[in-house]
Amino acid sequence: MNDTALLARARDGDSAAFAELYRRHRRTVWLHARGGGLTDQAADDLTGEAFTRTLAAVRAGGGPRTSVRDYLLAMVRRMAAGRRATVP
(Lines give C-alpha, C1' and ligand atoms only; values in the text may rest on other atoms or scores of the structure.)
Protein backbone atom coordinates (compact mmCIF):
# COMPACT_ATOMS: atom_id res chain seq x y z
CA MET A 1 0.00 0.00 0.00
CA ASN A 2 1.37 3.43 -0.89
CA ASP A 3 1.72 6.38 1.48
CA THR A 4 -1.31 8.19 0.10
CA ALA A 5 -3.55 5.21 0.86
CA LEU A 6 -2.00 4.82 4.31
CA LEU A 7 -2.61 8.51 5.03
CA ALA A 8 -6.25 8.15 4.04
CA ARG A 9 -6.62 5.16 6.35
CA ALA A 10 -4.85 6.99 9.18
CA ARG A 11 -7.19 9.95 8.65
CA ASP A 12 -10.06 7.52 9.23
CA GLY A 13 -8.54 6.38 12.54
CA ASP A 14 -6.47 3.37 11.42
CA SER A 15 -3.56 3.36 13.88
CA ALA A 16 -1.83 0.47 12.09
CA ALA A 17 -1.70 2.56 8.90
CA PHE A 18 0.07 5.39 10.71
CA ALA A 19 2.38 2.90 12.40
CA GLU A 20 3.40 1.71 8.94
CA LEU A 21 4.15 5.28 7.87
CA TYR A 22 6.27 5.66 10.99
CA ARG A 23 8.14 2.44 10.21
CA ARG A 24 8.79 3.58 6.63
CA HIS A 25 9.95 7.10 7.37
CA ARG A 26 11.35 7.25 10.92
CA ARG A 27 14.97 6.64 9.95
CA THR A 28 14.94 9.23 7.15
CA VAL A 29 13.36 11.83 9.43
CA TRP A 30 15.89 11.05 12.18
CA LEU A 31 18.83 11.29 9.76
CA HIS A 32 17.50 14.62 8.52
CA ALA A 33 17.36 15.90 12.10
CA ARG A 34 20.90 14.68 12.76
CA GLY A 35 22.09 16.28 9.54
CA GLY A 36 20.88 19.58 10.96
CA GLY A 37 23.47 19.35 13.72
CA LEU A 38 21.32 17.88 16.47
CA THR A 39 22.55 15.27 18.93
CA ASP A 40 21.19 11.73 18.75
CA GLN A 41 18.88 12.43 21.68
CA ALA A 42 17.62 15.72 20.23
CA ALA A 43 17.05 13.99 16.87
CA ASP A 44 15.07 11.25 18.66
CA ASP A 45 12.96 13.86 20.42
CA LEU A 46 12.34 15.88 17.28
CA THR A 47 11.47 12.77 15.26
CA GLY A 48 8.93 11.65 17.83
CA GLU A 49 7.44 15.11 18.07
CA ALA A 50 7.19 15.44 14.29
CA PHE A 51 5.28 12.17 14.01
CA THR A 52 3.04 13.04 16.95
CA ARG A 53 2.17 16.44 15.46
CA THR A 54 1.61 14.91 12.04
CA LEU A 55 -0.74 12.27 13.45
CA ALA A 56 -2.69 14.97 15.30
CA ALA A 57 -2.96 17.04 12.12
CA VAL A 58 -4.07 14.03 10.07
CA ARG A 59 -6.65 12.99 12.64
CA ALA A 60 -7.98 16.57 12.68
CA GLY A 61 -8.46 16.42 8.90
CA GLY A 62 -5.34 18.41 8.00
CA GLY A 63 -1.72 17.54 7.43
CA PRO A 64 -0.29 15.88 4.37
CA ARG A 65 -2.48 14.35 1.67
CA THR A 66 0.21 12.69 -0.42
CA SER A 67 3.87 13.14 0.56
CA VAL A 68 4.12 12.40 4.24
CA ARG A 69 7.93 12.26 4.05
CA ASP A 70 8.22 15.78 2.64
CA TYR A 71 5.77 17.04 5.26
CA LEU A 72 7.76 15.42 8.08
CA LEU A 73 11.11 16.69 6.79
CA ALA A 74 9.77 20.24 6.53
CA MET A 75 8.35 19.98 10.04
CA VAL A 76 11.68 18.78 11.43
CA ARG A 77 13.49 21.68 9.74
CA ARG A 78 11.07 24.20 11.29
CA MET A 79 11.24 22.63 14.74
CA ALA A 80 15.05 22.36 14.63
CA ALA A 81 15.32 26.01 13.60
CA GLY A 82 13.07 26.93 16.52
CA ARG A 83 15.27 24.99 18.92
CA ARG A 84 18.45 26.64 17.63
CA ALA A 85 16.81 30.05 17.99
CA THR A 86 16.15 29.45 21.68
CA VAL A 87 19.63 28.10 22.56
CA PRO A 88 21.89 30.81 24.00
# chains A, B, ... in the order shown; residues from 1 in each chain; ligands from 1
>>> residues_around(residues="segment 11-26 of chain A", least_positions_apart="3", cutoff="10 Å", atoms="only C-alpha atoms", output="PyMOL selection string")
chain A and resi 1-8+29-32+44+47-48+50-51+54-63+65+68-69+72-73
>>> atom_distance(atom1="atom CA of Arg78 of chain A", atom2="atom CA of Gln41 of chain A")
17.5 Å
>>> select_by_dssp(residues="chain A", states="alpha helix (DSSP H)", output="NGL selection string")
:A and (3-11 or 15-35 or 40-59 or 68-86)
>>> closest_residue(among="A:Ser67, A:Arg9, A:Gly35, A:Val76", to="Thr52 of chain A", atoms="only C-alpha atoms")
A:Val76
